[in-house]
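S.K.: Next up, data00.pdb (PDB, C-alpha atoms, pLDDT in the B column).
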ATOM      1  CA  MET S  14      63.470 -26.664-107.430  1.00 87.00           C
ATOM      2  CA  THR S  15      63.197 -25.693-111.102  1.00 97.00           C
ATOM      3  CA  ASP S  16      65.637 -27.139-113.638  1.00 98.00           C
ATOM      4  CA  TYR S  17      66.614 -25.363-116.867  1.00 98.00           C
ATOM      5  CA  PHE S  18      68.567 -26.882-119.757  1.00 99.00           C
ATOM      6  CA  ILE S  19      70.345 -25.246-122.704  1.00 98.00           C
ATOM      7  CA  SER S  20      72.919 -26.295-125.287  1.00 98.00           C
ATOM      8  CA  ASP S  21      74.674 -25.269-128.487  1.00 95.00           C
ATOM      9  CA  ALA S  22      75.173 -21.547-128.125  1.00 95.00           C
ATOM     10  CA  HIS S  23      78.453 -21.892-130.074  1.00 91.00           C
ATOM     11  CA  LEU S  24      79.652 -18.499-128.869  1.00 91.00           C
ATOM     12  CA  TYR S  25      82.399 -17.247-131.150  1.00 83.00           C
ATOM     13  CA  PRO S  26      85.854 -16.221-129.953  1.00 76.00           C
ATOM     14  CA  GLU S  27      86.870 -12.572-129.980  1.00 71.00           C
ATOM     15  CA  GLY S  28      86.398 -10.775-133.280  1.00 64.00           C
ATOM     16  CA  LYS S  29      83.192 -12.467-134.473  1.00 71.00           C
ATOM     17  CA  GLN S  30      79.672 -11.189-133.869  1.00 78.00           C
ATOM     18  CA  HIS S  31      77.172 -13.796-132.689  1.00 86.00           C
ATOM     19  CA  PRO S  32      73.349 -13.596-132.810  1.00 90.00           C
ATOM     20  CA  GLY S  33      72.920 -15.440-129.515  1.00 91.00           C
ATOM     21  CA  THR S  34      75.380 -13.707-127.184  1.00 92.00           C
ATOM     22  CA  LEU S  35      73.119 -10.920-125.916  1.00 94.00           C
ATOM     23  CA  PRO S  36      69.931 -13.068-125.790  1.00 96.00           C
ATOM     24  CA  LEU S  37      71.784 -15.749-123.822  1.00 97.00           C
ATOM     25  CA  GLN S  38      73.183 -13.244-121.338  1.00 96.00           C
ATOM     26  CA  SER S  39      69.717 -11.704-120.955  1.00 97.00           C
ATOM     27  CA  PHE S  40      68.224 -15.157-120.342  1.00 98.00           C
ATOM     28  CA  LEU S  41      70.818 -15.966-117.681  1.00 97.00           C
ATOM     29  CA  LYS S  42      70.367 -12.602-115.946  1.00 97.00           C
ATOM     30  CA  GLY S  43      66.616 -13.248-115.924  1.00 97.00           C
ATOM     31  CA  LEU S  44      67.153 -16.553-114.130  1.00 97.00           C
ATOM     32  CA  SER S  45      69.107 -14.796-111.401  1.00 94.00           C
ATOM     33  CA  ASN S  46      65.904 -12.910-110.505  1.00 93.00           C
ATOM     34  CA  GLU S  47      64.010 -16.174-109.961  1.00 96.00           C
ATOM     35  CA  GLU S  48      64.053 -18.519-106.993  1.00 97.00           C
ATOM     36  CA  PRO S  49      67.411 -20.346-107.250  1.00 98.00           C
ATOM     37  CA  GLY S  50      67.275 -23.644-109.103  1.00 98.00           C
ATOM     38  CA  ARG S  51      69.579 -25.607-111.364  1.00 98.00           C
ATOM     39  CA  LEU S  52      70.919 -24.819-114.829  1.00 98.00           C
ATOM     40  CA  TRP S  53      72.288 -27.625-116.973  1.00 98.00           C
ATOM     41  CA  ILE S  54      74.423 -26.626-119.973  1.00 98.00           C
ATOM     42  CA  LEU S  55      74.715 -29.603-122.325  1.00 98.00           C
ATOM     43  CA  GLY S  56      77.746 -28.681-124.357  1.00 95.00           C
ATOM     44  CA  ASP S  57      78.975 -26.435-127.167  1.00 94.00           C
ATOM     45  CA  LEU S  58      78.443 -23.318-125.121  1.00 96.00           C
ATOM     46  CA  PHE S  59      81.538 -22.137-126.996  1.00 92.00           C
ATOM     47  CA  ASP S  60      82.401 -22.672-130.631  1.00 88.00           C
ATOM     48  CA  TYR S  61      85.998 -22.965-129.466  1.00 84.00           C
ATOM     49  CA  TRP S  62      87.555 -23.478-126.067  1.00 87.00           C
ATOM     50  CA  PHE S  63      91.075 -24.400-125.098  1.00 83.00           C
ATOM     51  CA  GLU S  64      92.839 -23.565-121.863  1.00 83.00           C
ATOM     52  CA  TYR S  65      96.524 -22.829-121.847  1.00 81.00           C
ATOM     53  CA  ARG S  66      98.128 -22.547-118.426  1.00 77.00           C
ATOM     54  CA  GLY S  67      96.779 -19.356-116.886  1.00 72.00           C
ATOM     55  CA  LEU S  68      95.044 -18.324-120.119  1.00 76.00           C
ATOM     56  CA  ILE S  69      91.502 -18.846-121.394  1.00 79.00           C
ATOM     57  CA  PRO S  70      90.124 -17.862-124.825  1.00 79.00           C
ATOM     58  CA  SER S  71      89.251 -14.201-125.279  1.00 78.00           C
ATOM     59  CA  GLY S  72      85.816 -12.925-126.184  1.00 81.00           C
ATOM     60  CA  TYR S  73      83.765 -14.815-123.608  1.00 89.00           C
ATOM     61  CA  SER S  74      84.192 -12.649-120.510  1.00 90.00           C
ATOM     62  CA  GLY S  75      80.645 -11.255-120.544  1.00 91.00           C
ATOM     63  CA  THR S  76      79.049 -14.692-120.575  1.00 94.00           C
ATOM     64  CA  LEU S  77      81.471 -16.069-117.987  1.00 95.00           C
ATOM     65  CA  CYS S  78      80.694 -13.180-115.614  1.00 95.00           C
ATOM     66  CA  THR S  79      76.962 -13.675-116.145  1.00 96.00           C
ATOM     67  CA  ILE S  80      77.239 -17.362-115.216  1.00 97.00           C
ATOM     68  CA  ARG S  81      79.249 -16.476-112.122  1.00 97.00           C
ATOM     69  CA  GLY S  82      76.590 -13.939-111.179  1.00 96.00           C
ATOM     70  CA  LEU S  83      73.918 -16.599-111.524  1.00 97.00           C
ATOM     71  CA  ILE S  84      75.837 -18.896-109.184  1.00 97.00           C
ATOM     72  CA  SER S  85      76.352 -16.019-106.728  1.00 97.00           C
ATOM     73  CA  ALA S  86      72.557 -15.635-106.712  1.00 96.00           C
ATOM     74  CA  GLY S  87      72.280 -19.199-105.388  1.00 97.00           C
ATOM     75  CA  TRP S  88      71.889 -21.218-108.581  1.00 98.00           C
ATOM     76  CA  LYS S  89      73.675 -24.492-109.213  1.00 98.00           C
ATOM     77  CA  VAL S  90      75.154 -24.700-112.709  1.00 98.00           C
ATOM     78  CA  ALA S  91      76.490 -27.907-114.275  1.00 98.00           C
ATOM     79  CA  PHE S  92      78.323 -28.063-117.592  1.00 98.00           C
ATOM     80  CA  ILE S  93      78.578 -31.204-119.731  1.00 98.00           C
ATOM     81  CA  PRO S  94      81.118 -30.356-122.471  1.00 95.00           C
ATOM     82  CA  GLY S  95      80.349 -30.907-126.147  1.00 93.00           C
ATOM     83  CA  ASN S  96      82.528 -31.664-129.133  1.00 88.00           C
ATOM     84  CA  HIS S  97      83.500 -27.968-129.504  1.00 87.00           C
ATOM     85  CA  ASP S  98      84.460 -27.344-125.872  1.00 90.00           C
ATOM     86  CA  TRP S  99      85.534 -30.750-124.579  1.00 87.00           C
ATOM     87  CA  TRP S 100      88.993 -29.410-123.755  1.00 86.00           C
ATOM     88  CA  CYS S 101      87.665 -27.251-120.925  1.00 90.00           C
ATOM     89  CA  GLY S 102      88.875 -27.719-117.393  1.00 87.00           C
ATOM     90  CA  LYS S 103      90.044 -25.959-114.264  1.00 89.00           C
ATOM     91  CA  GLY S 104      90.249 -22.542-115.907  1.00 90.00           C
ATOM     92  CA  LEU S 105      86.596 -22.550-116.931  1.00 93.00           C
ATOM     93  CA  GLN S 106      85.542 -23.935-113.573  1.00 94.00           C
ATOM     94  CA  GLU S 107      87.435 -21.210-111.687  1.00 93.00           C
ATOM     95  CA  ALA S 108      86.191 -18.453-114.005  1.00 92.00           C
ATOM     96  CA  THR S 109      82.534 -19.335-113.476  1.00 95.00           C
ATOM     97  CA  GLY S 110      82.128 -21.538-110.401  1.00 96.00           C
ATOM     98  CA  MET S 111      80.072 -24.096-112.320  1.00 97.00           C
ATOM     99  CA  SER S 112      80.725 -27.817-111.977  1.00 97.00           C
ATOM    100  CA  ILE S 113      82.080 -29.620-115.035  1.00 97.00           C
ATOM    101  CA  MET S 114      80.882 -33.174-115.686  1.00 97.00           C
ATOM    102  CA  LYS S 115      83.204 -34.781-118.232  1.00 92.00           C
ATOM    103  CA  GLU S 116      81.065 -37.773-119.073  1.00 92.00           C
ATOM    104  CA  SER S 117      79.530 -38.592-122.443  1.00 91.00           C
ATOM    105  CA  VAL S 118      76.263 -39.485-120.708  1.00 97.00           C
ATOM    106  CA  VAL S 119      75.261 -38.342-117.212  1.00 98.00           C
ATOM    107  CA  GLN S 120      72.668 -40.311-115.247  1.00 98.00           C
ATOM    108  CA  VAL S 121      70.746 -38.269-112.686  1.00 98.00           C
ATOM    109  CA  ASP S 122      67.383 -38.166-110.935  1.00 98.00           C
ATOM    110  CA  ILE S 123      65.584 -34.867-111.538  1.00 98.00           C
ATOM    111  CA  GLN S 124      62.278 -34.140-109.818  1.00 97.00           C
ATOM    112  CA  GLY S 125      61.347 -37.809-109.700  1.00 96.00           C
ATOM    113  CA  LEU S 126      62.426 -38.490-113.294  1.00 98.00           C
ATOM    114  CA  LYS S 127      65.223 -40.939-114.073  1.00 98.00           C
ATOM    115  CA  CYS S 128      67.203 -38.913-116.618  1.00 98.00           C
ATOM    116  CA  LEU S 129      70.034 -39.222-119.107  1.00 98.00           C
ATOM    117  CA  LEU S 130      71.838 -35.996-120.039  1.00 98.00           C
ATOM    118  CA  SER S 131      74.304 -35.790-122.905  1.00 97.00           C
ATOM    119  CA  HIS S 132      75.593 -33.379-125.497  1.00 96.00           C
ATOM    120  CA  GLY S 133      74.583 -36.119-127.928  1.00 93.00           C
ATOM    121  CA  ASP S 134      77.577 -36.392-130.234  1.00 90.00           C
ATOM    122  CA  GLY S 135      78.503 -39.943-131.217  1.00 86.00           C
ATOM    123  CA  LEU S 136      75.521 -41.626-129.570  1.00 89.00           C
ATOM    124  CA  GLY S 137      73.906 -44.611-131.255  1.00 82.00           C
ATOM    125  CA  LYS S 138      75.068 -46.433-134.350  1.00 80.00           C
ATOM    126  CA  GLY S 139      75.009 -43.554-136.836  1.00 71.00           C
ATOM    127  CA  ASP S 140      77.487 -40.750-137.479  1.00 66.00           C
ATOM    128  CA  THR S 141      80.126 -43.440-138.003  1.00 64.00           C
ATOM    129  CA  GLY S 142      82.970 -41.159-139.059  1.00 61.00           C
ATOM    130  CA  TYR S 143      82.633 -38.967-136.004  1.00 61.00           C
ATOM    131  CA  ARG S 144      82.301 -41.929-133.629  1.00 64.00           C
ATOM    132  CA  LEU S 145      85.616 -43.236-134.927  1.00 60.00           C
ATOM    133  CA  MET S 146      87.274 -39.853-134.451  1.00 66.00           C
ATOM    134  CA  LYS S 147      85.720 -39.015-131.085  1.00 69.00           C
ATOM    135  CA  PRO S 148      88.175 -41.043-128.921  1.00 71.00           C
ATOM    136  CA  VAL S 149      91.090 -39.434-130.767  1.00 62.00           C
ATOM    137  CA  LEU S 150      89.740 -35.886-130.455  1.00 65.00           C
ATOM    138  CA  ARG S 151      89.063 -36.332-126.744  1.00 68.00           C
ATOM    139  CA  SER S 152      92.328 -38.066-125.906  1.00 69.00           C
ATOM    140  CA  ARG S 153      94.923 -36.561-123.584  1.00 76.00           C
ATOM    141  CA  VAL S 154      97.514 -36.990-126.353  1.00 69.00           C
ATOM    142  CA  SER S 155      95.538 -34.759-128.753  1.00 66.00           C
ATOM    143  CA  GLU S 156      95.045 -32.168-126.021  1.00 70.00           C
ATOM    144  CA  THR S 157      98.755 -32.177-125.212  1.00 72.00           C
ATOM    145  CA  LEU S 158      99.734 -31.813-128.868  1.00 69.00           C
ATOM    146  CA  PHE S 159      97.343 -28.902-129.377  1.00 68.00           C
ATOM    147  CA  SER S 160      98.799 -27.191-126.303  1.00 73.00           C
ATOM    148  CA  THR S 161     102.067 -26.796-128.213  1.00 75.00           C
ATOM    149  CA  VAL S 162     100.365 -24.454-130.700  1.00 77.00           C
ATOM    150  CA  HIS S 163     100.807 -20.784-129.798  1.00 73.00           C
ATOM    151  CA  PRO S 164      97.549 -19.274-128.400  1.00 74.00           C
ATOM    152  CA  VAL S 165      97.433 -16.552-131.075  1.00 73.00           C
ATOM    153  CA  LEU S 166      97.717 -19.107-133.859  1.00 76.00           C
ATOM    154  CA  ALA S 167      95.227 -21.432-132.174  1.00 72.00           C
ATOM    155  CA  THR S 168      92.669 -18.624-131.865  1.00 70.00           C
ATOM    156  CA  GLY S 169      93.172 -17.861-135.546  1.00 70.00           C
ATOM    157  CA  PHE S 170      92.290 -21.462-136.358  1.00 69.00           C
ATOM    158  CA  ALA S 171      89.248 -21.119-134.119  1.00 63.00           C
ATOM    159  CA  ARG S 172      87.996 -18.072-136.004  1.00 62.00           C
ATOM    160  CA  MET S 173      88.183 -20.001-139.257  1.00 65.00           C
ATOM    161  CA  PHE S 174      86.381 -23.012-137.839  1.00 60.00           C
ATOM    162  CA  SER S 175      83.634 -20.807-136.420  1.00 54.00           C
ATOM    163  CA  GLY S 176      82.263 -20.938-139.949  1.00 56.00           C
ATOM    164  CA  THR S 177      80.737 -24.263-138.896  1.00 54.00           C
ATOM    165  CA  SER S 178      78.232 -22.448-136.724  1.00 49.00           C
ATOM    166  CA  ARG S 179      77.600 -19.677-139.226  1.00 51.00           C
ATOM    167  CA  ARG S 180      76.672 -22.293-141.818  1.00 57.00           C
ATOM    168  CA  ILE S 181      74.007 -23.610-139.433  1.00 50.00           C
ATOM    169  CA  LEU S 182      72.252 -20.266-139.791  1.00 48.00           C
ATOM    170  CA  ARG S 183      71.771 -21.053-143.476  1.00 48.00           C
ATOM    171  CA  LYS S 184      70.918 -24.745-143.068  1.00 54.00           C
ATOM    172  CA  GLN S 185      67.984 -25.450-140.773  1.00 58.00           C
ATOM    173  CA  VAL S 186      67.754 -28.970-139.320  1.00 65.00           C
ATOM    174  CA  ASP S 187      64.128 -29.989-138.801  1.00 76.00           C
ATOM    175  CA  THR S 188      64.393 -33.665-137.850  1.00 86.00           C
ATOM    176  CA  VAL S 189      66.267 -35.561-135.147  1.00 92.00           C
ATOM    177  CA  PRO S 190      68.502 -38.259-136.703  1.00 90.00           C
ATOM    178  CA  GLU S 191      67.002 -41.739-136.558  1.00 92.00           C
ATOM    179  CA  TYR S 192      70.155 -43.252-135.066  1.00 92.00           C
ATOM    180  CA  LEU S 193      69.798 -40.919-132.091  1.00 94.00           C
ATOM    181  CA  SER S 194      66.109 -41.775-131.751  1.00 95.00           C
ATOM    182  CA  ALA S 195      66.984 -45.480-131.765  1.00 95.00           C
ATOM    183  CA  TRP S 196      69.510 -44.933-128.974  1.00 96.00           C
ATOM    184  CA  VAL S 197      66.913 -43.067-126.904  1.00 97.00           C
ATOM    185  CA  ARG S 198      64.295 -45.813-127.379  1.00 97.00           C
ATOM    186  CA  GLU S 199      66.816 -48.347-126.095  1.00 96.00           C
ATOM    187  CA  GLN S 200      67.365 -46.272-122.958  1.00 97.00           C
ATOM    188  CA  GLY S 201      63.620 -46.330-122.333  1.00 96.00           C
ATOM    189  CA  LEU S 202      63.784 -50.108-122.232  1.00 96.00           C
ATOM    190  CA  ASN S 203      66.515 -49.721-119.588  1.00 95.00           C
ATOM    191  CA  GLY S 204      64.113 -47.913-117.275  1.00 96.00           C
ATOM    192  CA  PHE S 205      64.907 -44.251-117.973  1.00 98.00           C
ATOM    193  CA  ASP S 206      62.091 -41.692-118.118  1.00 98.00           C
ATOM    194  CA  LEU S 207      63.780 -38.794-119.921  1.00 98.00           C
ATOM    195  CA  ALA S 208      66.731 -38.241-122.247  1.00 98.00           C
ATOM    196  CA  VAL S 209      67.938 -34.688-122.898  1.00 98.00           C
ATOM    197  CA  THR S 210      70.442 -34.060-125.691  1.00 98.00           C
ATOM    198  CA  GLY S 211      71.903 -31.225-127.737  1.00 96.00           C
ATOM    199  CA  HIS S 212      74.190 -31.374-130.779  1.00 92.00           C
ATOM    200  CA  THR S 213      71.552 -31.635-133.524  1.00 91.00           C
ATOM    201  CA  HIS S 214      70.388 -27.995-133.171  1.00 92.00           C
ATOM    202  CA  CYS S 215      66.856 -29.298-133.742  1.00 94.00           C
ATOM    203  CA  PRO S 216      64.352 -28.413-130.972  1.00 96.00           C
ATOM    204  CA  ALA S 217      61.902 -31.272-130.332  1.00 97.00           C
ATOM    205  CA  VAL S 218      59.985 -33.075-127.590  1.00 98.00           C
ATOM    206  CA  ARG S 219      58.925 -36.627-128.456  1.00 97.00           C
ATOM    207  CA  ARG S 220      57.740 -39.728-126.664  1.00 97.00           C
ATOM    208  CA  LEU S 221      59.640 -42.752-127.952  1.00 97.00           C
ATOM    209  CA  GLY S 222      58.088 -45.821-126.383  1.00 94.00           C
ATOM    210  CA  ASP S 223      58.666 -45.669-122.628  1.00 94.00           C
ATOM    211  CA  ILE S 224      60.845 -42.549-122.666  1.00 98.00           C
ATOM    212  CA  ILE S 225      60.552 -38.858-123.500  1.00 98.00           C
ATOM    213  CA  HIS S 226      63.323 -37.359-125.624  1.00 98.00           C
ATOM    214  CA  VAL S 227      64.043 -33.630-125.562  1.00 98.00           C
ATOM    215  CA  SER S 228      66.380 -32.277-128.229  1.00 98.00           C
ATOM    216  CA  LEU S 229      67.324 -28.823-126.983  1.00 98.00           C
ATOM    217  CA  GLY S 230      67.798 -26.837-130.188  1.00 96.00           C
ATOM    218  CA  ASP S 231      70.355 -24.016-130.093  1.00 95.00           C
ATOM    219  CA  TRP S 232      71.072 -20.348-129.350  1.00 95.00           C
ATOM    220  CA  ILE S 233      72.007 -19.471-132.915  1.00 92.00           C
ATOM    221  CA  SER S 234      68.616 -19.477-134.591  1.00 91.00           C
ATOM    222  CA  HIS S 235      66.091 -21.156-132.220  1.00 94.00           C
ATOM    223  CA  PHE S 236      66.932 -19.749-128.739  1.00 97.00           C
ATOM    224  CA  THR S 237      65.217 -22.673-127.024  1.00 98.00           C
ATOM    225  CA  TYR S 238      65.507 -24.056-123.505  1.00 98.00           C
ATOM    226  CA  LEU S 239      63.930 -26.853-121.501  1.00 98.00           C
ATOM    227  CA  VAL S 240      62.194 -26.263-118.183  1.00 98.00           C
ATOM    228  CA  ILE S 241      61.265 -28.964-115.683  1.00 98.00           C
ATOM    229  CA  ARG S 242      59.063 -27.578-112.947  1.00 97.00           C
ATOM    230  CA  GLY S 243      57.067 -29.777-110.595  1.00 95.00           C
ATOM    231  CA  GLY S 244      57.903 -32.770-112.790  1.00 94.00           C
ATOM    232  CA  GLU S 245      56.308 -31.087-115.842  1.00 96.00           C
ATOM    233  CA  ILE S 246      58.368 -30.716-119.025  1.00 97.00           C
ATOM    234  CA  SER S 247      58.252 -27.693-121.339  1.00 98.00           C
ATOM    235  CA  LEU S 248      60.513 -26.731-124.261  1.00 98.00           C
ATOM    236  CA  ASP S 249      60.257 -22.940-124.615  1.00 98.00           C
ATOM    237  CA  GLU S 250      61.684 -20.198-126.815  1.00 98.00           C
ATOM    238  CA  PHE S 251      63.401 -17.180-125.330  1.00 98.00           C
ATOM    239  CA  ARG S 252      61.933 -13.994-126.784  1.00 92.00           C
ATOM    240  CA  GLY S 253      63.813 -11.402-124.767  1.00 78.00           C
TER
END
Please, can you express the file's structure as structure tokens?
M.R.:
Amino acid sequence: MTDYFISDAHLYPEGKQHPGTLPLQSFLKGLSNEEPGRLWILGDLFDYWFEYRGLIPSGYSGTLCTIRGLISAGWKVAFIPGNHDWWCGKGLQEATGMSIMKESVVQVDIQGLKCLLSHGDGLGKGDTGYRLMKPVLRSRVSETLFSTVHPVLATGFARMFSGTSRRILRKQVDTVPEYLSAWVREQGLNGFDLAVTGHTHCPAVRRLGDIIHVSLGDWISHFTYLVIRGGEISLDEFRG
């Protein structure tokens, strides 16, 4: 079985053009023509996601249908939410058929490799401000309070905050933060073979002591994905 990994598409809600929407859909449709394997999506597939009862954000239907088509073709798709789409749930699962793994770090054996999978936000001892805010942002209380905001108003907020992703187009990140590297090295001492993370938007494959770290990049400017086939690791760029 072949395993593919992507993260950080940051698809915009309705009304905003995105450079990665069509390439991502083309990539997913291409997978459906291969022998079924597994696709792991490590967070921030959406720049904004919030599910009201019976209502999901507009503007994502094409990608959701493409994921469902991939699953119908026999693929297994797992989604580990990121900081932009943590508030996903039953609606997303029903719309796509993919499994949602709401854990900050997922431990799994993949093709003989003892792996850690995570979106990557708040790991290690750096990014102090975000680590302090993370429990608040992901709390049930915050989710409940946000649910009281009318969907139209909430989507308006989302369009404004989508500027976060557009700014990434102008600011290239070319190094993985040292605090994240330190966290990965520590996991190597704990017996893990591979750590796969997103969040930094910086594509990289590095051996850190006893462990290999893959930082997945993004689908805004890099269009990168990880492939594990026969136990071999490759970080590739989608060229359409």
S.K.: Let me know the residues the PyMOL selection byres ((chain S and resi 204-212) around 9) catches in the file above, as a count of residues only.
M.R.: 37
S.K.: The residues within 12 Å of (92.1, -19.9, -122.9), using only C-alpha atoms and the coordinates of the file, should be reported as a PDB file with C-alpha atoms, in the coordinates of the input; which are they?
M.R.:
ATOM      1  CA  PRO S  26      85.854 -16.221-129.953  1.00 76.00           C
ATOM      2  CA  GLU S  27      86.870 -12.572-129.980  1.00 71.00           C
ATOM      3  CA  PHE S  59      81.538 -22.137-126.996  1.00 92.00           C
ATOM      4  CA  TYR S  61      85.998 -22.965-129.466  1.00 84.00           C
ATOM      5  CA  TRP S  62      87.555 -23.478-126.067  1.00 87.00           C
ATOM      6  CA  PHE S  63      91.075 -24.400-125.098  1.00 83.00           C
ATOM      7  CA  GLU S  64      92.839 -23.565-121.863  1.00 83.00           C
ATOM      8  CA  TYR S  65      96.524 -22.829-121.847  1.00 81.00           C
ATOM      9  CA  ARG S  66      98.128 -22.547-118.426  1.00 77.00           C
ATOM     10  CA  GLY S  67      96.779 -19.356-116.886  1.00 72.00           C
ATOM     11  CA  LEU S  68      95.044 -18.324-120.119  1.00 76.00           C
ATOM     12  CA  ILE S  69      91.502 -18.846-121.394  1.00 79.00           C
ATOM     13  CA  PRO S  70      90.124 -17.862-124.825  1.00 79.00           C
ATOM     14  CA  SER S  71      89.251 -14.201-125.279  1.00 78.00           C
ATOM     15  CA  GLY S  72      85.816 -12.925-126.184  1.00 81.00           C
ATOM     16  CA  TYR S  73      83.765 -14.815-123.608  1.00 89.00           C
ATOM     17  CA  SER S  74      84.192 -12.649-120.510  1.00 90.00           C
ATOM     18  CA  ASP S  98      84.460 -27.344-125.872  1.00 90.00           C
ATOM     19  CA  TRP S 100      88.993 -29.410-123.755  1.00 86.00           C
ATOM     20  CA  CYS S 101      87.665 -27.251-120.925  1.00 90.00           C
ATOM     21  CA  GLY S 102      88.875 -27.719-117.393  1.00 87.00           C
ATOM     22  CA  LYS S 103      90.044 -25.959-114.264  1.00 89.00           C
ATOM     23  CA  GLY S 104      90.249 -22.542-115.907  1.00 90.00           C
ATOM     24  CA  LEU S 105      86.596 -22.550-116.931  1.00 93.00           C
ATOM     25  CA  ALA S 108      86.191 -18.453-114.005  1.00 92.00           C
ATOM     26  CA  SER S 160      98.799 -27.191-126.303  1.00 73.00           C
ATOM     27  CA  HIS S 163     100.807 -20.784-129.798  1.00 73.00           C
ATOM     28  CA  PRO S 164      97.549 -19.274-128.400  1.00 74.00           C
ATOM     29  CA  VAL S 165      97.433 -16.552-131.075  1.00 73.00           C
ATOM     30  CA  ALA S 167      95.227 -21.432-132.174  1.00 72.00           C
ATOM     31  CA  THR S 168      92.669 -18.624-131.865  1.00 70.00           C
ATOM     32  CA  ALA S 171      89.248 -21.119-134.119  1.00 63.00           C
TER      33      ALA S 171
END
S.K.: Centre and edge lengths, as JSON, for the axis-aligned box enclosing every listed atom of region 110-123 of chain S with 6 Å of padding on each of the six sides, in Å to one decimal?
M.R.:
{"center_x": 74.4, "center_y": -30.9, "center_z": -116.4, "size_x": 29.6, "size_y": 30.8, "size_z": 24.0}
S.K.: Could you tell me how far CA of Thr157 (chain S) lies from CA of Gly75 (chain S), in Å and to one decimal?
M.R.: 28.1 Å
S.K.: When distances are computed from all atoms listed in the file, which of S:Phe236, S:Asp187, S:Ile123, S:Gly33 shows the smallest separation from Ala217 (chain S)?
M.R.: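 Checking each of S:Phe236, S:Asp187, S:Ile123, S:Gly33 against Ala217 (chain S), counting all atoms listed in the file, the winner is S:Asp187.
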S.K.: Interatomic distance between CA of Arg220 (chain S) and CA of Leu136 (chain S)?
M.R.: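 Taking CA of Arg220 (chain S) and CA of Leu136 (chain S), their separation equals 18.1 Å.
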S.K.: Residues at most 9 Å from Leu37 (chain S), counting all atoms listed in the file, excluding those fewer than 3 positions away in the same chain, as a list in words?
M.R.: Ala22, Gly33, Thr34, Phe40, Leu41, Lys42, Thr76, Trp232, Phe236 and Phe251 of chain S
S.K.: Grab the CA of Val119 (chain S) to CA of Trp53 (chain S) distance for me, in Å with one decimal place.
M.R.: 11.1 Å
S.K.: Measuring between only C-alpha atoms, which one of S:Gly243, S:Gly137, S:Gly169, S:Gly222 shows the shortest distance to Tyr192 (chain S)?
M.R.: S:Gly137
S.K.: For a quick check of understanding, using all atoms listed in the file, which of S:Gln120, S:Val90, S:Pro190, S:Ser234 has the smallest distance to Arg252 (chain S)?
M.R.: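 Among the listed residues, the smallest separation from Arg252 (chain S) belongs to S:Ser234.
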S.K.: Which polymer residues have any atom within 12 Å of an atom of region 82-85 of chain S, counting only C-alpha atoms, with same-chain residues fewer than 3 positions away left out, as JSON, numbers by chain?
M.R.: {"S": [38, 39, 40, 41, 42, 43, 44, 45, 46, 47, 48, 49, 50, 51, 52, 75, 76, 77, 78, 79, 88, 89, 90, 91, 106, 108, 109, 110, 111, 112]}
